[in-house]
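> Encoded as C-alpha cells, here's the structure I'll be asking about.
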Amino acid sequence: MTEDWTAVARAINERMNELGLRQRDLADRSHVSQAIVREIQHRTVERRRSARTLEALSLALEWHPGHLAAVLAGRKPLAPGETGDDNTDKILSRLGAIEGRLDEITARLDELTKAGTRDVPPPSRRPR
C-alpha cells in the first residue's frame, strides 16, 4: 500500500487554516506532542505513525476519526456520522432528515401554543 504523507500534511495544514489553529492548539486538542504534529505537517521525519495518532489528529480537526487514515491511503474520507456502509449511511441520513422534520414540527407547535391557538375544538360526533 502506498502512503501519501504529503496529502496528509496538506490536509492538516488546510484544515488548521480553516479552523484558525496553531500547531500548539492542535497538539493540545489531540494530545499528540507538538514535535510529532510538526514532523507530520512538514514531513521532516518520515516514519510510520500509529493509527491512534492519526485518529486523534482527525478528531481534533473536527473530522471523522478515520479521515487522515483515508487520506494517507488515497481513499475518500468519510464525513462525520458516515460508517462506510452504503445501506447504513442511507438509513442514518433518512433518520437525520426525519429528526430534522420532527424538530420543525415541534417548533411550529410551540409557536402555535404560544399564540394561544392550541385549543382546537373536539371532533364532531357522528350521529347514531
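Identifiers in this document derive from the order of the C-alpha cells: chains are assigned A, B, ..., residues are numbered from 1 separately in each chain, and ligands are numbered from 1 in order of occurrence.
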List the neighbours of region 6-11 of chain A out to 8 Å using only C-alpha atoms; skip same-chain residues closer than 5 positions along the sequence, and give me the result as a list in words.
Ile40, Gln41, His42, Arg43, Leu68, Val71 and Leu72 of chain A
> Go ahead and write the residues just picked, N, CA and C atoms, as a JSON list (two decimals), in the first residue's frame.

[["chain", "number", "residue", "atom", "x", "y", "z"],
["A", 40, "ILE", "N", 4.77, 15.72, 11.12],
["A", 40, "ILE", "CA", 3.77, 15.31, 10.13],
["A", 40, "ILE", "C", 3.45, 16.47, 9.19],
["A", 41, "GLN", "N", 3.27, 17.65, 9.75],
["A", 41, "GLN", "CA", 2.94, 18.83, 8.95],
["A", 41, "GLN", "C", 4.01, 19.16, 7.91],
["A", 42, "HIS", "N", 5.24, 19.06, 8.32],
["A", 42, "HIS", "CA", 6.34, 19.49, 7.45],
["A", 42, "HIS", "C", 7.13, 18.32, 6.87],
["A", 43, "ARG", "N", 6.70, 17.10, 7.20],
["A", 43, "ARG", "CA", 7.33, 15.88, 6.69],
["A", 43, "ARG", "C", 8.83, 15.87, 6.95],
["A", 68, "LEU", "N", -7.86, 11.07, 8.36],
["A", 68, "LEU", "CA", -6.45, 11.13, 7.93],
["A", 68, "LEU", "C", -5.94, 9.77, 7.48],
["A", 71, "VAL", "N", -7.02, 9.59, 3.92],
["A", 71, "VAL", "CA", -6.17, 10.45, 3.09],
["A", 71, "VAL", "C", -4.83, 9.78, 2.85],
["A", 72, "LEU", "N", -4.26, 9.22, 3.89],
["A", 72, "LEU", "CA", -2.96, 8.54, 3.79],
["A", 72, "LEU", "C", -3.01, 7.40, 2.78]]
> When distances are computed from only C-alpha atoms, which of A:Leu21, A:Leu26, A:Ala60, A:Ala70 shows the smallest separation from Asp4 (chain A)?
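Checking each candidate against Asp4 (chain A), we get A:Ala70 as the closest.
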> Would you mind telling me which residue in A:Leu109, A:Glu99, A:Arg29, A:Asn87 lies nearest to Met16 (chain A) when using only C-alpha atoms?
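The shortest atom-to-atom distance to Met16 (chain A) comes from A:Arg29.
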> Please run DSSP on the backbone and report, as a short mmCIF file (atom, residue, chain, number, x, y, z; two decimals) with all heavy atoms, in the first residue's frame, all residues within region 2-63 of chain A that come out as alpha helix (DSSP H).

data_model
loop_
_atom_site.label_atom_id
_atom_site.label_comp_id
_atom_site.auth_asym_id
_atom_site.auth_seq_id
_atom_site.Cartn_x
_atom_site.Cartn_y
_atom_site.Cartn_z
N TRP A 5 1.95 10.76 2.58
CA TRP A 5 2.13 11.65 3.71
C TRP A 5 2.06 13.12 3.30
O TRP A 5 1.71 13.98 4.09
CB TRP A 5 3.44 11.34 4.44
CG TRP A 5 3.31 10.08 5.22
CD1 TRP A 5 3.77 8.84 4.88
CD2 TRP A 5 2.65 9.92 6.49
NE1 TRP A 5 3.43 7.92 5.84
CE2 TRP A 5 2.74 8.56 6.85
CE3 TRP A 5 1.97 10.79 7.34
CZ2 TRP A 5 2.19 8.05 8.03
CZ3 TRP A 5 1.43 10.29 8.51
CH2 TRP A 5 1.54 8.93 8.84
N THR A 6 2.36 13.39 2.03
CA THR A 6 2.24 14.76 1.52
C THR A 6 0.77 15.19 1.56
O THR A 6 0.45 16.31 1.96
CB THR A 6 2.80 14.86 0.09
OG1 THR A 6 4.17 14.47 0.10
CG2 THR A 6 2.66 16.26 -0.47
N ALA A 7 -0.12 14.29 1.17
CA ALA A 7 -1.56 14.59 1.21
C ALA A 7 -2.04 14.78 2.64
O ALA A 7 -2.88 15.64 2.92
CB ALA A 7 -2.35 13.47 0.52
N VAL A 8 -1.49 13.99 3.57
CA VAL A 8 -1.85 14.14 4.98
C VAL A 8 -1.41 15.51 5.49
O VAL A 8 -2.18 16.23 6.13
CB VAL A 8 -1.23 13.00 5.84
CG1 VAL A 8 -1.39 13.27 7.32
CG2 VAL A 8 -1.84 11.66 5.46
N ALA A 9 -0.18 15.90 5.18
CA ALA A 9 0.33 17.20 5.61
C ALA A 9 -0.51 18.33 5.02
O ALA A 9 -0.88 19.28 5.73
CB ALA A 9 1.80 17.36 5.19
N ARG A 10 -0.85 18.21 3.74
CA ARG A 10 -1.66 19.23 3.08
C ARG A 10 -3.04 19.33 3.74
O ARG A 10 -3.52 20.43 4.03
CB ARG A 10 -1.81 18.91 1.60
CG ARG A 10 -2.50 19.99 0.80
CD ARG A 10 -2.60 19.69 -0.71
NE ARG A 10 -1.53 18.89 -1.25
CZ ARG A 10 -1.67 17.62 -1.66
NH1 ARG A 10 -2.82 17.01 -1.60
NH2 ARG A 10 -0.64 16.97 -2.17
N ALA A 11 -3.66 18.18 4.01
CA ALA A 11 -4.99 18.17 4.64
C ALA A 11 -4.95 18.81 6.02
O ALA A 11 -5.81 19.62 6.37
CB ALA A 11 -5.51 16.73 4.73
N ILE A 12 -3.94 18.47 6.80
CA ILE A 12 -3.80 19.04 8.15
C ILE A 12 -3.60 20.55 8.07
O ILE A 12 -4.27 21.32 8.77
CB ILE A 12 -2.63 18.38 8.92
CG1 ILE A 12 -3.00 16.94 9.29
CG2 ILE A 12 -2.27 19.19 10.15
CD1 ILE A 12 -1.85 16.14 9.88
N ASN A 13 -2.70 20.99 7.22
CA ASN A 13 -2.41 22.42 7.10
C ASN A 13 -3.63 23.22 6.64
O ASN A 13 -3.93 24.29 7.18
CB ASN A 13 -1.22 22.66 6.17
CG ASN A 13 0.08 22.18 6.79
OD1 ASN A 13 0.26 22.22 8.00
ND2 ASN A 13 0.97 21.67 5.95
N GLU A 14 -4.35 22.69 5.65
CA GLU A 14 -5.54 23.38 5.15
C GLU A 14 -6.61 23.46 6.24
O GLU A 14 -7.23 24.51 6.43
CB GLU A 14 -6.09 22.67 3.92
CG GLU A 14 -5.25 22.87 2.68
CD GLU A 14 -5.69 22.03 1.49
OE1 GLU A 14 -6.75 21.33 1.60
OE2 GLU A 14 -5.00 22.05 0.46
N ARG A 15 -6.80 22.36 6.96
CA ARG A 15 -7.84 22.34 8.00
C ARG A 15 -7.46 23.25 9.17
O ARG A 15 -8.33 23.93 9.72
CB ARG A 15 -8.05 20.90 8.49
CG ARG A 15 -9.20 20.76 9.44
CD ARG A 15 -10.51 21.10 8.78
NE ARG A 15 -11.60 20.72 9.66
CZ ARG A 15 -12.84 21.07 9.49
NH1 ARG A 15 -13.19 21.77 8.45
NH2 ARG A 15 -13.77 20.69 10.34
N MET A 16 -6.19 23.28 9.52
CA MET A 16 -5.75 24.19 10.59
C MET A 16 -6.03 25.63 10.20
O MET A 16 -6.47 26.43 11.03
CB MET A 16 -4.27 23.97 10.90
CG MET A 16 -3.99 22.69 11.66
SD MET A 16 -2.22 22.39 11.91
CE MET A 16 -1.79 23.77 12.98
N ASN A 17 -5.78 25.97 8.94
CA ASN A 17 -6.07 27.33 8.46
C ASN A 17 -7.56 27.62 8.53
O ASN A 17 -7.96 28.70 8.96
CB ASN A 17 -5.56 27.53 7.03
CG ASN A 17 -4.05 27.70 6.98
OD1 ASN A 17 -3.43 28.14 7.94
ND2 ASN A 17 -3.47 27.32 5.85
N GLU A 18 -8.40 26.65 8.11
CA GLU A 18 -9.85 26.82 8.16
C GLU A 18 -10.33 27.08 9.58
O GLU A 18 -11.20 27.92 9.81
CB GLU A 18 -10.56 25.57 7.64
CG GLU A 18 -10.49 25.35 6.16
CD GLU A 18 -11.07 24.00 5.75
OE1 GLU A 18 -11.83 23.39 6.54
OE2 GLU A 18 -10.77 23.56 4.64
N LEU A 19 -9.77 26.33 10.54
CA LEU A 19 -10.21 26.43 11.93
C LEU A 19 -9.45 27.50 12.71
O LEU A 19 -9.78 27.76 13.87
CB LEU A 19 -10.03 25.07 12.63
CG LEU A 19 -10.85 23.91 12.06
CD1 LEU A 19 -10.50 22.61 12.77
CD2 LEU A 19 -12.34 24.19 12.17
N GLN A 23 -0.10 25.17 15.65
CA GLN A 23 0.47 23.86 15.98
C GLN A 23 0.19 23.49 17.43
O GLN A 23 -0.21 22.38 17.74
CB GLN A 23 1.98 23.88 15.75
CG GLN A 23 2.46 22.94 14.73
CD GLN A 23 3.95 23.07 14.54
OE1 GLN A 23 4.70 23.40 15.47
NE2 GLN A 23 4.40 22.80 13.33
N ARG A 24 0.45 24.42 18.32
CA ARG A 24 0.25 24.19 19.75
C ARG A 24 -1.20 23.84 20.04
O ARG A 24 -1.51 22.97 20.83
CB ARG A 24 0.69 25.43 20.56
CG ARG A 24 0.29 25.43 22.01
CD ARG A 24 1.15 24.66 23.02
NE ARG A 24 2.07 23.70 22.56
CZ ARG A 24 2.25 22.45 23.06
NH1 ARG A 24 1.61 22.00 24.05
NH2 ARG A 24 3.13 21.64 22.59
N ASP A 25 -2.15 24.55 19.38
CA ASP A 25 -3.57 24.29 19.56
C ASP A 25 -3.91 22.86 19.16
O ASP A 25 -4.63 22.15 19.87
CB ASP A 25 -4.42 25.25 18.73
CG ASP A 25 -4.21 26.71 19.09
OD1 ASP A 25 -3.94 27.00 20.28
OD2 ASP A 25 -4.31 27.56 18.18
N LEU A 26 -3.40 22.45 18.00
CA LEU A 26 -3.68 21.10 17.51
C LEU A 26 -3.07 20.06 18.45
O LEU A 26 -3.69 19.05 18.75
CB LEU A 26 -3.15 20.91 16.08
CG LEU A 26 -3.41 19.54 15.45
CD1 LEU A 26 -4.89 19.17 15.47
CD2 LEU A 26 -2.86 19.50 14.04
N ALA A 27 -1.86 20.32 18.91
CA ALA A 27 -1.21 19.40 19.85
C ALA A 27 -2.04 19.27 21.13
O ALA A 27 -2.27 18.16 21.63
CB ALA A 27 0.20 19.87 20.17
N ASP A 28 -2.50 20.39 21.65
CA ASP A 28 -3.31 20.37 22.87
C ASP A 28 -4.63 19.63 22.67
O ASP A 28 -5.02 18.81 23.49
CB ASP A 28 -3.60 21.79 23.36
CG ASP A 28 -2.38 22.49 23.91
OD1 ASP A 28 -1.37 21.81 24.22
OD2 ASP A 28 -2.42 23.74 24.03
N ARG A 29 -5.30 19.92 21.56
CA ARG A 29 -6.60 19.29 21.28
C ARG A 29 -6.47 17.78 21.08
O ARG A 29 -7.35 17.03 21.48
CB ARG A 29 -7.20 19.85 20.00
CG ARG A 29 -7.89 21.15 20.12
CD ARG A 29 -8.45 21.51 18.75
NE ARG A 29 -9.37 22.62 18.82
CZ ARG A 29 -10.28 22.87 17.90
NH1 ARG A 29 -10.40 22.10 16.85
NH2 ARG A 29 -11.08 23.90 18.02
N SER A 30 -5.40 17.37 20.43
CA SER A 30 -5.25 15.96 20.05
C SER A 30 -4.49 15.12 21.07
O SER A 30 -4.51 13.91 20.99
CB SER A 30 -4.53 15.87 18.70
OG SER A 30 -3.21 16.37 18.82
N GLN A 34 3.64 18.34 20.18
CA GLN A 34 3.83 19.36 19.15
C GLN A 34 4.93 18.94 18.19
O GLN A 34 4.86 19.23 16.99
CB GLN A 34 4.14 20.71 19.80
CG GLN A 34 4.13 21.85 18.80
CD GLN A 34 4.23 23.21 19.46
OE1 GLN A 34 4.17 23.33 20.67
NE2 GLN A 34 4.38 24.24 18.65
N ALA A 35 5.93 18.23 18.68
CA ALA A 35 7.02 17.76 17.81
C ALA A 35 6.49 16.81 16.74
O ALA A 35 6.88 16.90 15.57
CB ALA A 35 8.10 17.08 18.65
N ILE A 36 5.59 15.91 17.12
CA ILE A 36 5.03 14.96 16.15
C ILE A 36 4.13 15.70 15.17
O ILE A 36 4.16 15.43 13.96
CB ILE A 36 4.29 13.81 16.86
CG1 ILE A 36 5.31 12.92 17.57
CG2 ILE A 36 3.46 13.00 15.87
CD1 ILE A 36 4.72 11.82 18.40
N VAL A 37 3.33 16.65 15.66
CA VAL A 37 2.49 17.44 14.77
C VAL A 37 3.37 18.14 13.75
O VAL A 37 3.09 18.12 12.54
CB VAL A 37 1.64 18.47 15.57
CG1 VAL A 37 0.95 19.44 14.62
CG2 VAL A 37 0.63 17.76 16.45
N ARG A 38 4.45 18.75 14.20
CA ARG A 38 5.38 19.45 13.30
C ARG A 38 5.98 18.48 12.28
O ARG A 38 6.06 18.80 11.09
CB ARG A 38 6.50 20.12 14.11
CG ARG A 38 7.46 20.94 13.28
CD ARG A 38 8.58 21.60 14.09
NE ARG A 38 8.15 22.21 15.34
CZ ARG A 38 8.35 21.70 16.57
NH1 ARG A 38 8.99 20.55 16.71
NH2 ARG A 38 7.94 22.32 17.64
N GLU A 39 6.42 17.32 12.75
CA GLU A 39 7.02 16.33 11.84
C GLU A 39 6.04 15.93 10.74
O GLU A 39 6.42 15.81 9.58
CB GLU A 39 7.44 15.07 12.62
CG GLU A 39 8.63 15.27 13.51
CD GLU A 39 8.91 14.06 14.39
OE1 GLU A 39 8.22 13.02 14.25
OE2 GLU A 39 9.83 14.15 15.22
N ILE A 40 4.77 15.72 11.12
CA ILE A 40 3.77 15.31 10.13
C ILE A 40 3.45 16.47 9.19
O ILE A 40 3.38 16.30 7.97
CB ILE A 40 2.50 14.79 10.83
CG1 ILE A 40 2.81 13.49 11.58
CG2 ILE A 40 1.38 14.56 9.82
CD1 ILE A 40 1.69 12.99 12.48
N GLN A 41 3.27 17.65 9.75
CA GLN A 41 2.94 18.83 8.95
C GLN A 41 4.01 19.16 7.91
O GLN A 41 3.69 19.52 6.79
CB GLN A 41 2.81 20.05 9.86
CG GLN A 41 1.43 20.36 10.32
CD GLN A 41 1.42 21.71 10.99
OE1 GLN A 41 2.03 21.89 12.04
NE2 GLN A 41 0.73 22.65 10.39
N HIS A 42 5.24 19.06 8.32
CA HIS A 42 6.34 19.49 7.45
C HIS A 42 7.13 18.32 6.87
O HIS A 42 8.12 18.54 6.18
CB HIS A 42 7.27 20.44 8.21
CG HIS A 42 6.56 21.66 8.70
ND1 HIS A 42 6.11 22.65 7.85
CD2 HIS A 42 6.21 22.04 9.95
CE1 HIS A 42 5.52 23.58 8.55
NE2 HIS A 42 5.56 23.24 9.83
N ALA A 51 -2.13 4.35 14.18
CA ALA A 51 -3.49 4.70 13.77
C ALA A 51 -4.12 5.62 14.81
O ALA A 51 -4.91 6.51 14.47
CB ALA A 51 -4.32 3.43 13.61
N ARG A 52 -3.75 5.44 16.07
CA ARG A 52 -4.31 6.29 17.14
C ARG A 52 -3.86 7.74 16.99
O ARG A 52 -4.62 8.65 17.29
CB ARG A 52 -3.92 5.75 18.51
CG ARG A 52 -4.77 4.54 18.90
CD ARG A 52 -4.51 4.14 20.31
NE ARG A 52 -3.21 3.48 20.37
CZ ARG A 52 -2.60 3.11 21.46
NH1 ARG A 52 -3.15 3.33 22.63
NH2 ARG A 52 -1.44 2.52 21.42
N THR A 53 -2.64 7.96 16.52
CA THR A 53 -2.16 9.33 16.31
C THR A 53 -2.98 10.00 15.22
O THR A 53 -3.45 11.13 15.39
CB THR A 53 -0.67 9.34 15.92
OG1 THR A 53 0.10 8.78 16.99
CG2 THR A 53 -0.17 10.73 15.60
N LEU A 54 -3.18 9.31 14.10
CA LEU A 54 -3.97 9.88 13.01
C LEU A 54 -5.42 10.09 13.43
O LEU A 54 -6.04 11.09 13.07
CB LEU A 54 -3.89 8.98 11.77
CG LEU A 54 -2.51 8.90 11.12
CD1 LEU A 54 -2.54 7.94 9.93
CD2 LEU A 54 -2.02 10.27 10.68
N GLU A 55 -5.95 9.17 14.22
CA GLU A 55 -7.33 9.31 14.70
C GLU A 55 -7.46 10.52 15.63
O GLU A 55 -8.39 11.31 15.51
CB GLU A 55 -7.77 8.04 15.43
CG GLU A 55 -9.19 8.10 15.94
CD GLU A 55 -9.61 6.81 16.60
OE1 GLU A 55 -9.20 5.72 16.15
OE2 GLU A 55 -10.37 6.90 17.59
N ALA A 56 -6.51 10.67 16.54
CA ALA A 56 -6.55 11.80 17.47
C ALA A 56 -6.46 13.13 16.73
O ALA A 56 -7.17 14.08 17.04
CB ALA A 56 -5.41 11.68 18.49
N LEU A 57 -5.60 13.18 15.72
CA LEU A 57 -5.48 14.41 14.92
C LEU A 57 -6.75 14.67 14.13
O LEU A 57 -7.22 15.80 14.06
CB LEU A 57 -4.26 14.32 13.99
CG LEU A 57 -2.90 14.36 14.68
CD1 LEU A 57 -1.79 14.01 13.69
CD2 LEU A 57 -2.64 15.72 15.32
N SER A 58 -7.33 13.62 13.56
CA SER A 58 -8.58 13.77 12.81
C SER A 58 -9.68 14.34 13.69
O SER A 58 -10.38 15.28 13.31
CB SER A 58 -9.04 12.41 12.24
OG SER A 58 -8.15 11.95 11.26
N LEU A 59 -9.84 13.77 14.87
CA LEU A 59 -10.88 14.23 15.79
C LEU A 59 -10.62 15.67 16.24
O LEU A 59 -11.55 16.48 16.33
CB LEU A 59 -10.99 13.31 16.99
CG LEU A 59 -11.55 11.91 16.69
CD1 LEU A 59 -11.41 11.01 17.90
CD2 LEU A 59 -13.01 12.02 16.24
N ALA A 60 -9.37 15.99 16.50
CA ALA A 60 -9.01 17.34 16.92
C ALA A 60 -9.29 18.36 15.82
O ALA A 60 -9.55 19.53 16.09
CB ALA A 60 -7.55 17.40 17.34
#
> So how many Å separate CA of Glu46 (chain A) and CA of Ala73 (chain A), to one decimal?
15.5 Å
> Which residue out of A:Val32, A:Gly116, A:Thr2, A:Asp110 has the minimum interatomic distance to Arg75 (chain A) when only C-alpha atoms are used?
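Smallest distance to Arg75 (chain A) is found for A:Thr2.
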> So, with only C-alpha atoms as the atoms that count, which of A:Arg101, A:Lys90, A:Trp63, A:Arg47 lies closest to Pro77 (chain A)?
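Residue with the minimum atom-to-atom distance to Pro77 (chain A): A:Trp63.
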